[in-house]
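Right, one structure below, let's go through it.
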Amino acid sequence: MKKVFALMFGLLLTCASMGARAEMVEPDALIKNTAQEVLEIVRQDQDIRAGNQKKILELVDAKVLPHFNFTRMTQLAVGKHWRKATPEQKQVLVTEFRNLLVRTYTKAFTVYKDQSVDVKPFKMPAGATEVTVKTVIVKPGAQPIPVDYEMEKTSTEWKVYDLSIEGVSLVTSYRGTFAEQVQQGGIEGLIKTLVEKNQTAAATPLRKADGK
């Protein structure tokens, strides 16, 4: 549960909307500056903390989705099997993988317990287009959890394409599972599994960590 929360909480803090800013925000500043904004929303919104699924999904859609490269994340997660997929299958895979992650992220709001994020000192090499931003999730009375963000520079902003919790990569974790599903049922089998998982998640109300 600790690692699952770290993954979801860290992602949410990273991805508050920065679209209104004209200049490109450096990756470490993006994380540091937006953490407070997202934390304030969660602290003040009792509906979100109580698990209001519609409100949480709306917030995730507005604040998170624009700041991830889901196409690259999906390609990395599918791995070598990506080239076997047709363009149509690739589009479906991206959509379903995104939906899977979004449904997972929403659960972070129901287990929030006064965590904070510390961004480690960061120096970006001149001309860098990909960087790693190191952070630590801090919870009073608990062991700090390191979360590293892999980010890429696009024409308009920095975007997340992978992250690691205590050295374990998100896309690598999914890659093993996806590879097994492709071996068993091909690309269509993987798509079917993702669709079914998302349908089940959509039909299951969110519950707080204490079961209430």
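Ordered as shown in the structure tokens, chains take letters A, B, and onward, while each chain numbers its residues from 1 and ligands are numbered from 1 in the order shown.
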
Residues within 9 Å of Glu166 in chain A, only C-alpha atoms, excluding chain neighbours under 2 positions, as a ChimeraX atom specification: /A:3,145-148,164,168-169

Non-local contacts of range 191-195 of chain A (7 Å; only C-alpha atoms; under 5 positions in same chain excluded) as a ChimeraX atom specification: /A:93,96-97

Non-local contacts of Val133 in chain A (10 Å; only C-alpha atoms; under 6 positions in same chain excluded) as number ranges by chain: A: 27-29, 31, 119-124, 147-151, 163

With the cut-off set at 10 Å and counting only C-alpha atoms, tabulate each residue of range 74-159 of chain A with an atom at most that distance from an atom of range 183-186 of chain A, showing the nearest atom pair and its distance in Å to one decimal, ordered by chain and increasing number, as CSV.
```
residue,atom,partner,partner_atom,distance
A:His81,CA,A:Gly186,CA,9.0
A:Lys84,CA,A:Gly186,CA,9.2
A:Ala85,CA,A:Gly186,CA,9.3
```

Residue set, range 6-185 of chain A restricted to alpha helix (DSSP H), as a PyMOL selection string: chain A and resi 6-14+27-44+46-50+53-63+70-78+87-106+170-185

Spatial neighbours of Lys54 in chain A, 12 Å, only C-alpha atoms, chain gap at least 3 places, as a ChimeraX atom specification: /A:47-48,50-51,57-61,103,106,202-203,205-206

Serialized selection, C-alpha atoms, as a short mmCIF file (atom, residue, chain, number, x, y, z; two decimals), in the first residue's frame:
```cif
data_model
loop_
_atom_site.label_atom_id
_atom_site.label_comp_id
_atom_site.auth_asym_id
_atom_site.auth_seq_id
_atom_site.Cartn_x
_atom_site.Cartn_y
_atom_site.Cartn_z
CA ASP A 47 -15.87 15.87 -1.34
CA ILE A 48 -12.55 14.79 -2.85
CA ALA A 50 -14.49 11.64 1.02
CA GLY A 51 -14.09 9.84 -2.31
CA LEU A 57 -12.14 12.21 -12.07
CA GLU A 58 -12.91 15.74 -13.21
CA LEU A 59 -9.92 17.05 -11.26
CA VAL A 60 -7.62 14.36 -12.63
CA ASP A 61 -8.81 15.06 -16.16
CA ARG A 103 -8.65 5.28 -12.42
CA THR A 106 -8.04 8.78 -8.22
CA ALA A 202 -15.63 2.47 -13.55
CA ALA A 203 -18.43 0.44 -11.98
CA PRO A 205 -17.27 3.18 -6.20
CA LEU A 206 -14.17 4.60 -4.58
#
```

Proximity to Glu152 in chain A - best of A:Ile165, A:Ile56, A:Leu170, A:Ala128, only C-alpha atoms: A:Ala128

Pick from A:Gln53, A:Thr135, A:Asn69, A:Gln115, whichever lies nearest to Lys153 in chain A using only C-alpha atoms: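 Smallest separation from Lys153 in chain A among the options: A:Asn69.
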
Each residue of range 46-112 of chain A lying at most 9 Å from range 176-182 of chain A should get a row with its shortest atom-to-atom pair and the distance in Å to one decimal, counting only C-alpha atoms; could you produce that, ordered by chain and increasing number, as a tab-separated table?
```
residue	atom	partner	partner_atom	distance
A:Ala77	CA	A:Phe178	CA	7.3
A:Val78	CA	A:Phe178	CA	6.0
A:Gly79	CA	A:Ala179	CA	7.9
A:Lys80	CA	A:Ala179	CA	8.7
A:His81	CA	A:Ala179	CA	7.5
```

Take the residues from that selection and write them out as a short mmCIF file (atom, residue, chain, number, x, y, z; two decimals), in the first residue's frame, keeping C-alpha atoms.
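In the end it all went to out.cif:
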```
data_model
loop_
_atom_site.label_atom_id
_atom_site.label_comp_id
_atom_site.auth_asym_id
_atom_site.auth_seq_id
_atom_site.Cartn_x
_atom_site.Cartn_y
_atom_site.Cartn_z
CA ALA A 77 4.97 -0.47 -21.17
CA VAL A 78 4.05 -2.65 -24.15
CA GLY A 79 7.73 -2.92 -25.07
CA LYS A 80 8.82 -4.99 -28.06
CA HIS A 81 5.24 -6.00 -28.79
#
```

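One finds CA of Pro87 in chain A at 26.8 Å from CA of Ala62 in chain A.
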
All strand (DSSP E) residues (DSSP, backbone) inside range 43-173 of chain A, as an MDAnalysis selection string: chainID A and resid 116:119 130:138 145:153 158:165 168:169

Write the residues of the selection above to a file with C-alpha atoms, as a PDB file, in the first residue's frame.
```pdb
ATOM      1  CA  SER A 116       4.283  16.468   1.427  1.00  0.00           C
ATOM      2  CA  VAL A 117       6.856  16.361  -1.354  1.00  0.00           C
ATOM      3  CA  ASP A 118      10.477  17.476  -1.109  1.00  0.00           C
ATOM      4  CA  VAL A 119      12.267  18.101  -4.415  1.00  0.00           C
ATOM      5  CA  GLU A 130      15.277  14.419 -21.038  1.00  0.00           C
ATOM      6  CA  VAL A 131      15.959  14.652 -17.311  1.00  0.00           C
ATOM      7  CA  THR A 132      15.336  12.850 -14.025  1.00  0.00           C
ATOM      8  CA  VAL A 133      13.850  14.853 -11.180  1.00  0.00           C
ATOM      9  CA  LYS A 134      14.294  13.239  -7.771  1.00  0.00           C
ATOM     10  CA  THR A 135      11.787  13.791  -4.992  1.00  0.00           C
ATOM     11  CA  VAL A 136      10.870  12.321  -1.632  1.00  0.00           C
ATOM     12  CA  ILE A 137       7.345  11.873  -0.298  1.00  0.00           C
ATOM     13  CA  VAL A 138       7.283  12.684   3.398  1.00  0.00           C
ATOM     14  CA  ILE A 145       9.628   7.355  -0.002  1.00  0.00           C
ATOM     15  CA  PRO A 146      11.885   8.316  -2.957  1.00  0.00           C
ATOM     16  CA  VAL A 147      10.099   9.005  -6.244  1.00  0.00           C
ATOM     17  CA  ASP A 148      12.076   9.778  -9.415  1.00  0.00           C
ATOM     18  CA  TYR A 149      10.377  11.348 -12.446  1.00  0.00           C
ATOM     19  CA  GLU A 150      11.556  10.777 -15.992  1.00  0.00           C
ATOM     20  CA  MET A 151      10.599  13.853 -17.995  1.00  0.00           C
ATOM     21  CA  GLU A 152      10.980  14.955 -21.578  1.00  0.00           C
ATOM     22  CA  LYS A 153      10.980  18.383 -23.155  1.00  0.00           C
ATOM     23  CA  TRP A 158       8.077  19.206 -19.850  1.00  0.00           C
ATOM     24  CA  LYS A 159       6.061  15.999 -19.663  1.00  0.00           C
ATOM     25  CA  VAL A 160       6.307  12.855 -17.572  1.00  0.00           C
ATOM     26  CA  TYR A 161       6.832   9.577 -19.429  1.00  0.00           C
ATOM     27  CA  ASP A 162       7.869   7.331 -16.526  1.00  0.00           C
ATOM     28  CA  LEU A 163       8.552   7.380 -12.818  1.00  0.00           C
ATOM     29  CA  SER A 164      10.167   5.099 -10.283  1.00  0.00           C
ATOM     30  CA  ILE A 165       9.181   4.356  -6.702  1.00  0.00           C
ATOM     31  CA  VAL A 168      11.001   0.429  -9.418  1.00  0.00           C
ATOM     32  CA  SER A 169       9.841   1.851 -12.767  1.00  0.00           C
TER      33      SER A 169
END
```

Pairwise distance for CA of Arg43 in chain A and CA of Asn198 in chain A, rounded to one decimal in Å: 27.8 Å

Of the listed residues A:Tyr174, A:Val38, A:Asn33, A:His67, that which approaches Thr156 in chain A most closely, counting only C-alpha atoms: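 Using only C-alpha atoms, the shortest distance to Thr156 in chain A belongs to A:His67.
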
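Coordinates place CA of Gly127 in chain A at a distance of 27.4 Å from CA of Lys63 in chain A.
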